[in-house]
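Remarks on the structure that follows.
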Amino acid sequence: MNVKTDQFMATVVQNDDSTTIAFQGEINGQADSGMTAAYDEAVSLDPAGIVLDFNQVDYINSTGIALIVGLLAKARLVNIPLTAVGLTEHYREIFTITRLSDFIEIQ
């Protein structure tokens, strides 16, 4: 499944034991509905975990961080662990400062 807006796209791919949501473009307020739709699709596949792939993300603003926190909250309610891959050093630092790295495994 692909969810696309002007500056954002999310692709959901089912793997053997997890589901990957590959983000592309900018994660900001305009990405809200796309991120939610992709997350809902990923959860419907009943994965053991969800991988958030940031390899193709150009920019994340504070609203984007809040959207990621929202996904984390939803995942925690249904006991699905989240893993983040492809974060730049800058965004790894932001995940650490905001303590997202305490709840999302970073690879």
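A note on labels: chains of the structure tokens are A, B, ... as shown, every chain counts residues from 1, and ligands are counted from 1 in their shown order.
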Q: Write out as number ranges by chain each polymer residue whose atoms come within 12 Å of Arg92 in chain A, counting only C-alpha atoms; drop sequence neighbours fewer than 6 positions from it.
A: A: 54, 60, 65, 84-86, 98-102, 104-107
Q: Do a neighbour search on range 15-32 of chain A at 6 Å with only C-alpha atoms, toss out local chain neighbours closer than 6 positions, and write the hits as a PyMOL selection string.
A: chain A and resi 7-9+47-54+56-61+63-64
Give me a file of those residues, with C-alpha atoms, as a PDB file, in the first residue's frame.
```pdb
ATOM      1  CA  GLN A   7       5.637  16.107  -0.090  1.00  0.00           C
ATOM      2  CA  PHE A   8       5.173  12.795   1.730  1.00  0.00           C
ATOM      3  CA  MET A   9       4.706   9.149   0.907  1.00  0.00           C
ATOM      4  CA  PRO A  47       2.771  -7.888  12.893  1.00  0.00           C
ATOM      5  CA  ALA A  48       4.997  -8.857  15.805  1.00  0.00           C
ATOM      6  CA  GLY A  49       6.620  -5.437  15.355  1.00  0.00           C
ATOM      7  CA  ILE A  50       6.620  -2.401  13.097  1.00  0.00           C
ATOM      8  CA  VAL A  51       9.759  -0.963  11.513  1.00  0.00           C
ATOM      9  CA  LEU A  52       9.646   2.755  10.735  1.00  0.00           C
ATOM     10  CA  ASP A  53      12.039   3.312   7.835  1.00  0.00           C
ATOM     11  CA  PHE A  54      13.364   6.890   7.652  1.00  0.00           C
ATOM     12  CA  GLN A  56      14.167   8.488   2.398  1.00  0.00           C
ATOM     13  CA  VAL A  57      13.029  11.211   4.824  1.00  0.00           C
ATOM     14  CA  ASP A  58      14.311  14.670   3.986  1.00  0.00           C
ATOM     15  CA  TYR A  59      12.965  16.607   6.955  1.00  0.00           C
ATOM     16  CA  ILE A  60      11.075  16.131  10.230  1.00  0.00           C
ATOM     17  CA  ASN A  61       9.747  19.184  12.055  1.00  0.00           C
ATOM     18  CA  THR A  63       4.854  18.507  14.365  1.00  0.00           C
ATOM     19  CA  GLY A  64       6.366  15.465  12.648  1.00  0.00           C
TER      20      GLY A  64
END
```
Q. If you run DSSP on this backbone, which residues of chain A come out as helix (DSSP H, G or I), and could you give them as a VMD selection string?
A. chain A and resid 29 to 44 62 to 77 89 to 97 100 to 102
Q: Select, from A:Thr83, A:Ala75, A:Ile94, A:Leu67, the residue with the minimum atom-to-atom distance to Asp40 in chain A, counting only C-alpha atoms.
A: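 Checking each of A:Thr83, A:Ala75, A:Ile94, A:Leu67 against Asp40 in chain A, counting only C-alpha atoms, the winner is A:Ala75.
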Q | strand (DSSP E or B) positions in range 25-69 of chain A, given as a VMD selection string | A | chain A and resid 25 to 27 50 to 60
Q) To one decimal place, how far is CA of Gln14 in chain A from CA of Leu72 in chain A in Å? A)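 Those two atoms sit 18.8 Å apart.
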Q: Counting only C-alpha atoms, figure out which residue out of A:Leu82, A:Met35, A:Val43, A:Val12 gets nearest to Ala66 in chain A.
A: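 Of all the options, A:Met35 lies closest to Ala66 in chain A.
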